[in-house]
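S.K.: Quick one, protein22.cif (mmCIF, C-alpha atoms):
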data_my_file
loop_
_atom_site.group_PDB
_atom_site.id
_atom_site.type_symbol
_atom_site.label_atom_id
_atom_site.label_comp_id
_atom_site.auth_asym_id
_atom_site.auth_seq_id
_atom_site.Cartn_x
_atom_site.Cartn_y
_atom_site.Cartn_z
ATOM 1 C CA MET A 155 0.000 0.000 0.000
ATOM 2 C CA SER A 156 1.390 3.414 -0.953
ATOM 3 C CA GLU A 157 1.983 6.088 1.647
ATOM 4 C CA PRO A 158 -0.773 8.742 1.941
ATOM 5 C CA VAL A 159 0.020 12.016 0.207
ATOM 6 C CA PRO A 160 0.262 14.853 2.750
ATOM 7 C CA PRO A 161 -1.927 17.926 2.164
ATOM 8 C CA PRO A 162 -0.243 20.942 0.561
ATOM 9 C CA ALA A 163 1.344 23.372 2.988
ATOM 10 C CA VAL A 164 -0.494 26.631 3.765
ATOM 11 C CA ASP A 165 1.593 29.755 4.250
ATOM 12 C CA ASP A 166 0.659 32.572 6.618
ATOM 13 C CA ALA A 167 -0.586 34.922 3.879
ATOM 14 C CA GLU A 168 -2.843 32.288 2.373
ATOM 15 C CA ALA A 169 -4.198 31.374 5.806
ATOM 16 C CA ALA A 170 -4.959 35.032 6.552
ATOM 17 C CA ARG A 171 -6.807 35.505 3.234
ATOM 18 C CA HIS A 172 -8.852 32.401 3.876
ATOM 19 C CA ARG A 173 -9.734 33.520 7.406
ATOM 20 C CA ALA A 174 -10.854 36.958 6.195
ATOM 21 C CA LYS A 175 -12.949 35.400 3.436
ATOM 22 C CA MET A 176 -14.639 32.994 5.842
ATOM 23 C CA GLU A 177 -15.324 35.772 8.357
ATOM 24 C CA LYS A 178 -17.214 37.700 5.670
ATOM 25 C CA ARG A 179 -19.043 34.545 4.609
ATOM 26 C CA LYS A 180 -20.045 33.811 8.205
ATOM 27 C CA ALA A 181 -21.410 37.324 8.667
ATOM 28 C CA VAL A 182 -23.596 36.941 5.571
ATOM 29 C CA GLN A 183 -24.779 33.483 6.662
ATOM 30 C CA ASP A 184 -25.525 34.611 10.228
ATOM 31 C CA LYS A 185 -27.563 37.577 8.961
ATOM 32 C CA GLU A 186 -29.550 35.373 6.586
ATOM 33 C CA VAL A 187 -30.289 32.816 9.297
ATOM 34 C CA ALA A 188 -31.340 35.519 11.769
ATOM 35 C CA GLU A 189 -33.894 36.866 9.265
ATOM 36 C CA LYS A 190 -35.731 33.497 9.143
ATOM 37 C CA THR A 191 -38.218 33.647 12.029
ATOM 38 C CA ILE A 192 -41.209 31.556 10.879
ATOM 39 C CA GLU A 193 -41.726 28.089 12.355
ATOM 40 C CA LYS A 194 -44.413 25.882 10.806
ATOM 41 C CA GLY A 195 -45.265 22.397 9.690
ATOM 42 C CA LEU A 196 -43.975 21.893 6.155
ATOM 43 C CA LEU A 197 -45.491 20.194 3.136
ATOM 44 C CA VAL A 198 -42.520 18.540 1.435
ATOM 45 C CA VAL A 199 -42.541 16.816 -1.967
ATOM 46 C CA HIS A 200 -39.857 14.416 -3.207
ATOM 47 C CA THR A 201 -40.329 13.737 -6.916
ATOM 48 C CA GLY A 202 -38.407 13.174 -10.145
ATOM 49 C CA PRO A 203 -37.134 10.109 -12.049
ATOM 50 C CA GLY A 204 -34.094 9.530 -9.854
ATOM 51 C CA LYS A 205 -33.782 6.921 -7.119
ATOM 52 C CA GLY A 206 -33.937 8.028 -3.477
ATOM 53 C CA LYS A 207 -37.279 9.783 -2.973
ATOM 54 C CA SER A 208 -38.625 7.422 -0.326
ATOM 55 C CA THR A 209 -35.127 6.928 1.065
ATOM 56 C CA ALA A 210 -34.848 10.674 1.716
ATOM 57 C CA ALA A 211 -38.281 10.740 3.339
ATOM 58 C CA PHE A 212 -37.328 7.949 5.712
ATOM 59 C CA GLY A 213 -34.139 9.833 6.497
ATOM 60 C CA LEU A 214 -36.300 12.750 7.643
ATOM 61 C CA ALA A 215 -38.372 10.313 9.686
ATOM 62 C CA LEU A 216 -35.228 9.074 11.412
ATOM 63 C CA ARG A 217 -34.169 12.662 12.108
ATOM 64 C CA MET A 218 -37.557 13.423 13.661
ATOM 65 C CA LEU A 219 -37.309 10.325 15.840
ATOM 66 C CA GLY A 220 -33.841 11.414 16.913
ATOM 67 C CA ARG A 221 -35.414 14.664 18.096
ATOM 68 C CA GLY A 222 -37.955 12.779 20.187
ATOM 69 C CA GLY A 223 -40.861 13.128 17.750
ATOM 70 C CA ARG A 224 -43.432 10.610 16.565
ATOM 71 C CA VAL A 225 -43.810 9.529 12.935
ATOM 72 C CA GLY A 226 -46.650 8.153 10.821
ATOM 73 C CA VAL A 227 -46.152 6.338 7.503
ATOM 74 C CA VAL A 228 -48.840 5.535 4.931
ATOM 75 C CA GLN A 229 -47.651 3.647 1.864
ATOM 76 C CA PHE A 230 -49.731 3.940 -1.284
ATOM 77 C CA ILE A 231 -49.271 1.497 -4.201
ATOM 78 C CA LYS A 232 -46.596 -0.656 -2.564
ATOM 79 C CA GLY A 233 -47.949 -4.035 -1.540
ATOM 80 C CA ALA A 234 -47.641 -5.768 1.797
ATOM 81 C CA TRP A 235 -44.020 -6.863 1.360
ATOM 82 C CA GLN A 236 -41.517 -6.338 4.111
ATOM 83 C CA THR A 237 -38.866 -3.695 3.572
ATOM 84 C CA GLY A 238 -35.673 -2.968 5.447
ATOM 85 C CA GLU A 239 -36.933 0.439 6.544
ATOM 86 C CA GLN A 240 -40.117 -1.026 7.995
ATOM 87 C CA GLU A 241 -38.115 -3.606 9.921
ATOM 88 C CA ALA A 242 -35.743 -0.912 11.215
ATOM 89 C CA PHE A 243 -38.476 1.489 12.300
ATOM 90 C CA ALA A 244 -40.217 -1.332 14.187
ATOM 91 C CA ALA A 245 -37.458 -0.949 16.773
ATOM 92 C CA PHE A 246 -38.984 2.410 17.748
ATOM 93 C CA GLY A 247 -42.202 0.746 18.906
ATOM 94 C CA ASP A 248 -45.297 2.928 19.002
ATOM 95 C CA ARG A 249 -43.267 6.028 18.158
ATOM 96 C CA VAL A 250 -43.742 4.941 14.518
ATOM 97 C CA VAL A 251 -47.205 4.186 13.145
ATOM 98 C CA TRP A 252 -46.806 2.267 9.867
ATOM 99 C CA HIS A 253 -49.573 1.404 7.386
ATOM 100 C CA THR A 254 -48.843 -0.292 4.059
ATOM 101 C CA MET A 255 -52.152 0.230 2.274
ATOM 102 C CA GLY A 256 -51.410 -0.549 -1.383
ATOM 103 C CA GLU A 257 -51.900 -3.872 -3.103
ATOM 104 C CA GLY A 258 -48.924 -3.755 -5.410
ATOM 105 C CA PHE A 259 -47.909 -1.832 -8.499
ATOM 106 C CA THR A 260 -50.556 -1.095 -11.091
ATOM 107 C CA TRP A 261 -49.145 -3.568 -13.606
ATOM 108 C CA GLU A 262 -49.431 -6.287 -10.966
ATOM 109 C CA THR A 263 -53.014 -5.715 -9.824
ATOM 110 C CA GLN A 264 -54.402 -4.925 -13.301
ATOM 111 C CA ASP A 265 -57.634 -3.901 -11.581
ATOM 112 C CA LEU A 266 -58.548 -0.204 -11.677
ATOM 113 C CA ALA A 267 -61.484 -0.440 -9.249
ATOM 114 C CA ARG A 268 -59.342 -2.340 -6.760
ATOM 115 C CA ASP A 269 -56.507 0.190 -7.032
ATOM 116 C CA ARG A 270 -58.867 3.117 -6.507
ATOM 117 C CA ALA A 271 -60.449 1.450 -3.494
ATOM 118 C CA ALA A 272 -57.017 0.789 -1.956
ATOM 119 C CA ALA A 273 -55.995 4.413 -2.500
ATOM 120 C CA ALA A 274 -59.229 5.646 -0.904
ATOM 121 C CA ARG A 275 -58.612 3.476 2.159
ATOM 122 C CA ALA A 276 -55.062 4.770 2.377
ATOM 123 C CA PHE A 277 -56.142 8.397 2.213
ATOM 124 C CA ALA A 278 -58.770 7.777 4.886
ATOM 125 C CA LYS A 279 -55.895 6.545 7.063
ATOM 126 C CA VAL A 280 -53.976 9.723 6.197
ATOM 127 C CA ARG A 281 -56.866 11.836 7.480
ATOM 128 C CA GLU A 282 -56.933 9.783 10.666
ATOM 129 C CA LEU A 283 -53.206 10.237 11.284
ATOM 130 C CA MET A 284 -53.343 13.942 10.462
ATOM 131 C CA ALA A 285 -55.834 14.341 13.294
ATOM 132 C CA ASP A 286 -53.509 12.590 15.767
ATOM 133 C CA GLU A 287 -51.732 15.457 17.520
ATOM 134 C CA THR A 288 -48.992 13.155 18.838
ATOM 135 C CA ILE A 289 -47.632 12.704 15.299
ATOM 136 C CA ASN A 290 -45.033 15.256 14.232
ATOM 137 C CA LEU A 291 -44.126 13.946 10.769
ATOM 138 C CA LEU A 292 -46.252 12.049 8.268
ATOM 139 C CA VAL A 293 -44.688 10.230 5.288
ATOM 140 C CA LEU A 294 -47.090 9.609 2.382
ATOM 141 C CA ASP A 295 -45.043 7.194 0.337
ATOM 142 C CA GLU A 296 -45.900 7.009 -3.388
ATOM 143 C CA LEU A 297 -48.940 9.260 -3.044
ATOM 144 C CA ASN A 298 -47.770 10.976 -6.227
ATOM 145 C CA ILE A 299 -48.281 7.714 -8.118
ATOM 146 C CA ALA A 300 -51.854 7.409 -6.874
ATOM 147 C CA LEU A 301 -52.503 10.983 -8.022
ATOM 148 C CA ARG A 302 -50.818 10.391 -11.361
ATOM 149 C CA TYR A 303 -53.272 7.581 -12.158
ATOM 150 C CA ASP A 304 -56.267 9.555 -10.826
ATOM 151 C CA TYR A 305 -56.989 7.066 -8.052
ATOM 152 C CA LEU A 306 -57.809 10.022 -5.814
ATOM 153 C CA ASP A 307 -59.366 13.437 -6.358
ATOM 154 C CA LEU A 308 -56.425 15.814 -6.718
ATOM 155 C CA ALA A 309 -58.230 18.898 -5.434
ATOM 156 C CA GLU A 310 -59.395 17.053 -2.333
ATOM 157 C CA VAL A 311 -55.916 15.736 -1.577
ATOM 158 C CA VAL A 312 -54.249 19.121 -2.014
ATOM 159 C CA SER A 313 -56.839 20.957 0.088
ATOM 160 C CA THR A 314 -56.615 18.335 2.844
ATOM 161 C CA LEU A 315 -52.837 18.539 3.021
ATOM 162 C CA ALA A 316 -52.882 22.335 2.851
ATOM 163 C CA ALA A 317 -55.292 22.393 5.813
ATOM 164 C CA ARG A 318 -52.962 20.333 8.050
ATOM 165 C CA ARG A 319 -52.565 21.536 11.624
ATOM 166 C CA PRO A 320 -49.809 24.135 12.080
ATOM 167 C CA GLY A 321 -47.136 21.876 13.567
ATOM 168 C CA LEU A 322 -47.494 18.830 11.328
ATOM 169 C CA HIS A 323 -44.841 18.095 8.705
ATOM 170 C CA VAL A 324 -45.982 16.014 5.706
ATOM 171 C CA VAL A 325 -43.655 14.422 3.142
ATOM 172 C CA VAL A 326 -45.080 13.139 -0.166
ATOM 173 C CA THR A 327 -43.000 10.891 -2.420
ATOM 174 C CA GLY A 328 -43.259 9.522 -5.949
ATOM 175 C CA ARG A 329 -42.534 10.495 -9.537
ATOM 176 C CA ASN A 330 -44.556 12.967 -11.567
ATOM 177 C CA ALA A 331 -45.822 15.207 -8.786
ATOM 178 C CA LYS A 332 -48.865 17.128 -9.940
ATOM 179 C CA PRO A 333 -48.314 20.870 -10.507
ATOM 180 C CA GLU A 334 -51.097 21.690 -8.038
ATOM 181 C CA LEU A 335 -49.323 19.766 -5.289
ATOM 182 C CA VAL A 336 -46.002 21.375 -6.160
ATOM 183 C CA ALA A 337 -47.633 24.797 -5.921
ATOM 184 C CA ALA A 338 -49.066 24.012 -2.489
ATOM 185 C CA ALA A 339 -45.795 22.623 -1.100
ATOM 186 C CA ASP A 340 -43.242 24.501 0.983
ATOM 187 C CA LEU A 341 -40.290 22.425 -0.203
ATOM 188 C CA VAL A 342 -39.977 20.459 -3.449
ATOM 189 C CA THR A 343 -36.960 18.378 -4.412
ATOM 190 C CA GLU A 344 -36.742 16.823 -7.875
ATOM 191 C CA MET A 345 -34.301 13.942 -8.001
ATOM 192 C CA GLY A 346 -32.692 13.550 -11.395
ATOM 193 C CA LEU A 347 -31.623 10.307 -12.975
ATOM 194 C CA VAL A 348 -27.973 10.343 -14.009
ATOM 195 C CA LYS A 349 -27.257 6.616 -13.915
ATOM 196 C CA HIS A 350 -29.116 3.557 -12.614
ATOM 197 C CA HIS A 351 -27.766 0.070 -12.081
ATOM 198 C CA PHE A 352 -30.990 -1.515 -13.410
ATOM 199 C CA ALA A 353 -29.887 -0.462 -16.902
ATOM 200 C CA ALA A 354 -26.827 -2.712 -16.503
ATOM 201 C CA GLY A 355 -28.968 -5.702 -15.532
ATOM 202 C CA VAL A 356 -28.500 -5.422 -11.769
ATOM 203 C CA LYS A 357 -31.603 -6.620 -9.926
ATOM 204 C CA ALA A 358 -33.299 -5.034 -6.911
ATOM 205 C CA GLN A 359 -31.303 -5.945 -3.825
ATOM 206 C CA ALA A 360 -32.160 -6.183 -0.141
ATOM 207 C CA GLY A 361 -30.820 -3.219 1.781
ATOM 208 C CA ILE A 362 -30.668 -1.025 -1.317
ATOM 209 C CA GLU A 363 -34.098 -1.149 -2.980
ATOM 210 C CA PHE A 364 -36.122 -2.706 -0.159
#
The structure in this file should be written as structure tokens.

M.R.:
Amino acid sequence: MSEPVPPPAVDDAEAARHRAKMEKRKAVQDKEVAEKTIEKGLLVVHTGPGKGKSTAAFGLALRMLGRGGRVGVVQFIKGAWQTGEQEAFAAFGDRVVWHTMGEGFTWETQDLARDRAAAARAFAKVRELMADETINLLVLDELNIALRYDYLDLAEVVSTLAARRPGLHVVVTGRNAKPELVAAADLVTEMGLVKHHFAAGVKAQAGIEF
């Protein structure tokens, strides 16, 4: 094994320039942070063709749990198959309320009435969890897919989420977020697809995809 390359030396003049630059940067950052005074429950949307939308949402859930909060999860579309995240969050006991309400992807069920009924049951559960004041963060996994296929009334969903209680954070995941939902959201992240291992014939693997 080769020896590690030491970092380049920093002379006194360069160090002083860097310090002055960072002092100015810190002043700007501190002023910007101080100007942000609003605290509210956020409506967050993770969308786009790239992998990681649900993964990011569950990362937020873990952060909320680390802060002592309580989390609710409602999964649309996805069927009742066990995932690594569900197994992991089970360790938190009743601090995580988890409901997998879908019956599988649309190409698996091949039954429009059944898919719409499953989505309606899932959104009824969403309403129930939104009313539970002990829940701080609600993850609506793949809700965007249910809206994309018109399984639910878009206007009703958007108005319900917009009317959430002041302290409740809601995260919606799935590709092709509807413009109306994007407009209502406080934070929208679109994950781009640069490269995906599926294209090289790599199958879905435990611990990565589920």

S.K.: For Val336 (chain A), which residue among A:Gly223, A:Gly256, A:Gly202, A:Gly247 is the nearest when counting all atoms listed in the file?

M.R.: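 Among A:Gly223, A:Gly256, A:Gly202, A:Gly247, it is A:Gly202 that comes nearest to Val336 (chain A).
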
S.K.: Taking the file as I've supplied it (selection: the PyMOL selection byres ((chain A and resi 254) around 12)), which residues are included? Please answer as a compact mmCIF listing (two decimals) with C-alpha atoms, in the frame of the given file.

M.R.:
# COMPACT_ATOMS: atom_id res chain seq x y z
CA GLY A 226 -46.65 8.15 10.82
CA VAL A 227 -46.15 6.34 7.50
CA VAL A 228 -48.84 5.54 4.93
CA GLN A 229 -47.65 3.65 1.86
CA PHE A 230 -49.73 3.94 -1.28
CA ILE A 231 -49.27 1.50 -4.20
CA LYS A 232 -46.60 -0.66 -2.56
CA GLY A 233 -47.95 -4.04 -1.54
CA ALA A 234 -47.64 -5.77 1.80
CA TRP A 235 -44.02 -6.86 1.36
CA GLN A 236 -41.52 -6.34 4.11
CA THR A 237 -38.87 -3.70 3.57
CA GLN A 240 -40.12 -1.03 8.00
CA VAL A 251 -47.20 4.19 13.14
CA TRP A 252 -46.81 2.27 9.87
CA HIS A 253 -49.57 1.40 7.39
CA MET A 255 -52.15 0.23 2.27
CA GLY A 256 -51.41 -0.55 -1.38
CA GLU A 257 -51.90 -3.87 -3.10
CA GLY A 258 -48.92 -3.76 -5.41
CA ALA A 272 -57.02 0.79 -1.96
CA ALA A 273 -56.00 4.41 -2.50
CA ARG A 275 -58.61 3.48 2.16
CA ALA A 276 -55.06 4.77 2.38
CA PHE A 277 -56.14 8.40 2.21
CA LYS A 279 -55.90 6.54 7.06
CA VAL A 280 -53.98 9.72 6.20
CA VAL A 293 -44.69 10.23 5.29
CA LEU A 294 -47.09 9.61 2.38
CA ASP A 295 -45.04 7.19 0.34
CA GLU A 296 -45.90 7.01 -3.39
CA LEU A 297 -48.94 9.26 -3.04

S.K.: Residues picked by the PyMOL selection byres ((chain A and resi 200) around 7) here, as a VMD selection string?

M.R.: chain A and resid 198 to 199 201 207 326 to 328 342 to 344

S.K.: Applied to this file, what does the PyMOL selection byres ((chain A and resi 303-305) around 10) return in terms of residues, put as a list in words?

M.R.: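 Answer for the PyMOL selection byres ((chain A and resi 303-305) around 10): Thr260, Leu266, Ala267, Arg268, Asp269, Arg270, Ala271, Ala272, Ala273, Ala274, Leu297, Asn298, Ile299, Ala300, Leu301, Arg302, Leu306, Asp307 and Leu308 of chain A.
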
S.K.: Which residue gives the smallest distance to His351 (chain A) among A:Asp286, A:Ala169, A:Glu363, A:Gly222, with only C-alpha atoms counted?

M.R.: A:Glu363

S.K.: Can you measure CA of Val325 (chain A) to CA of Glu239 (chain A) for me? One decimal in Å is fine.

M.R.: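 Computing it gives 15.9 Å between the two atoms.
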
S.K.: Pick out the residues sitting within 12 Å of Gly321 (chain A), and hand them over as an MDAnalysis selection string; count all atoms listed in the file, and ignore anything fewer than 4 positions along from it in its own chain.

M.R.: chainID A and resid 192:197 223 284:292 317

S.K.: Separation of CA of Arg281 (chain A) and CA of Ala215 (chain A), in Å?

M.R.: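 Atom-to-atom, CA of Arg281 (chain A) to CA of Ala215 (chain A), that is 18.7 Å.
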
S.K.: Find the distance between CA of Val250 (chain A) and CA of Val311 (chain A) and write it in Å to one decimal.

M.R.: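 Separating CA of Val250 (chain A) from CA of Val311 (chain A) is a distance of 22.9 Å.
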
S.K.: Write a file for region 263-291 of chain A of the given structure; include C-alpha atoms and format it as a PDB file, in the first residue's frame.

M.R.:
ATOM      1  CA  THR A 263     -53.014  -5.715  -9.824  1.00  0.00           C
ATOM      2  CA  GLN A 264     -54.402  -4.925 -13.301  1.00  0.00           C
ATOM      3  CA  ASP A 265     -57.634  -3.901 -11.581  1.00  0.00           C
ATOM      4  CA  LEU A 266     -58.548  -0.204 -11.677  1.00  0.00           C
ATOM      5  CA  ALA A 267     -61.484  -0.440  -9.249  1.00  0.00           C
ATOM      6  CA  ARG A 268     -59.342  -2.340  -6.760  1.00  0.00           C
ATOM      7  CA  ASP A 269     -56.507   0.190  -7.032  1.00  0.00           C
ATOM      8  CA  ARG A 270     -58.867   3.117  -6.507  1.00  0.00           C
ATOM      9  CA  ALA A 271     -60.449   1.450  -3.494  1.00  0.00           C
ATOM     10  CA  ALA A 272     -57.017   0.789  -1.956  1.00  0.00           C
ATOM     11  CA  ALA A 273     -55.995   4.413  -2.500  1.00  0.00           C
ATOM     12  CA  ALA A 274     -59.229   5.646  -0.904  1.00  0.00           C
ATOM     13  CA  ARG A 275     -58.612   3.476   2.159  1.00  0.00           C
ATOM     14  CA  ALA A 276     -55.062   4.770   2.377  1.00  0.00           C
ATOM     15  CA  PHE A 277     -56.142   8.397   2.213  1.00  0.00           C
ATOM     16  CA  ALA A 278     -58.770   7.777   4.886  1.00  0.00           C
ATOM     17  CA  LYS A 279     -55.895   6.545   7.063  1.00  0.00           C
ATOM     18  CA  VAL A 280     -53.976   9.723   6.197  1.00  0.00           C
ATOM     19  CA  ARG A 281     -56.866  11.836   7.480  1.00  0.00           C
ATOM     20  CA  GLU A 282     -56.933   9.783  10.666  1.00  0.00           C
ATOM     21  CA  LEU A 283     -53.206  10.237  11.284  1.00  0.00           C
ATOM     22  CA  MET A 284     -53.343  13.942  10.462  1.00  0.00           C
ATOM     23  CA  ALA A 285     -55.834  14.341  13.294  1.00  0.00           C
ATOM     24  CA  ASP A 286     -53.509  12.590  15.767  1.00  0.00           C
ATOM     25  CA  GLU A 287     -51.732  15.457  17.520  1.00  0.00           C
ATOM     26  CA  THR A 288     -48.992  13.155  18.838  1.00  0.00           C
ATOM     27  CA  ILE A 289     -47.632  12.704  15.299  1.00  0.00           C
ATOM     28  CA  ASN A 290     -45.033  15.256  14.232  1.00  0.00           C
ATOM     29  CA  LEU A 291     -44.126  13.946  10.769  1.00  0.00           C
TER      30      LEU A 291
END
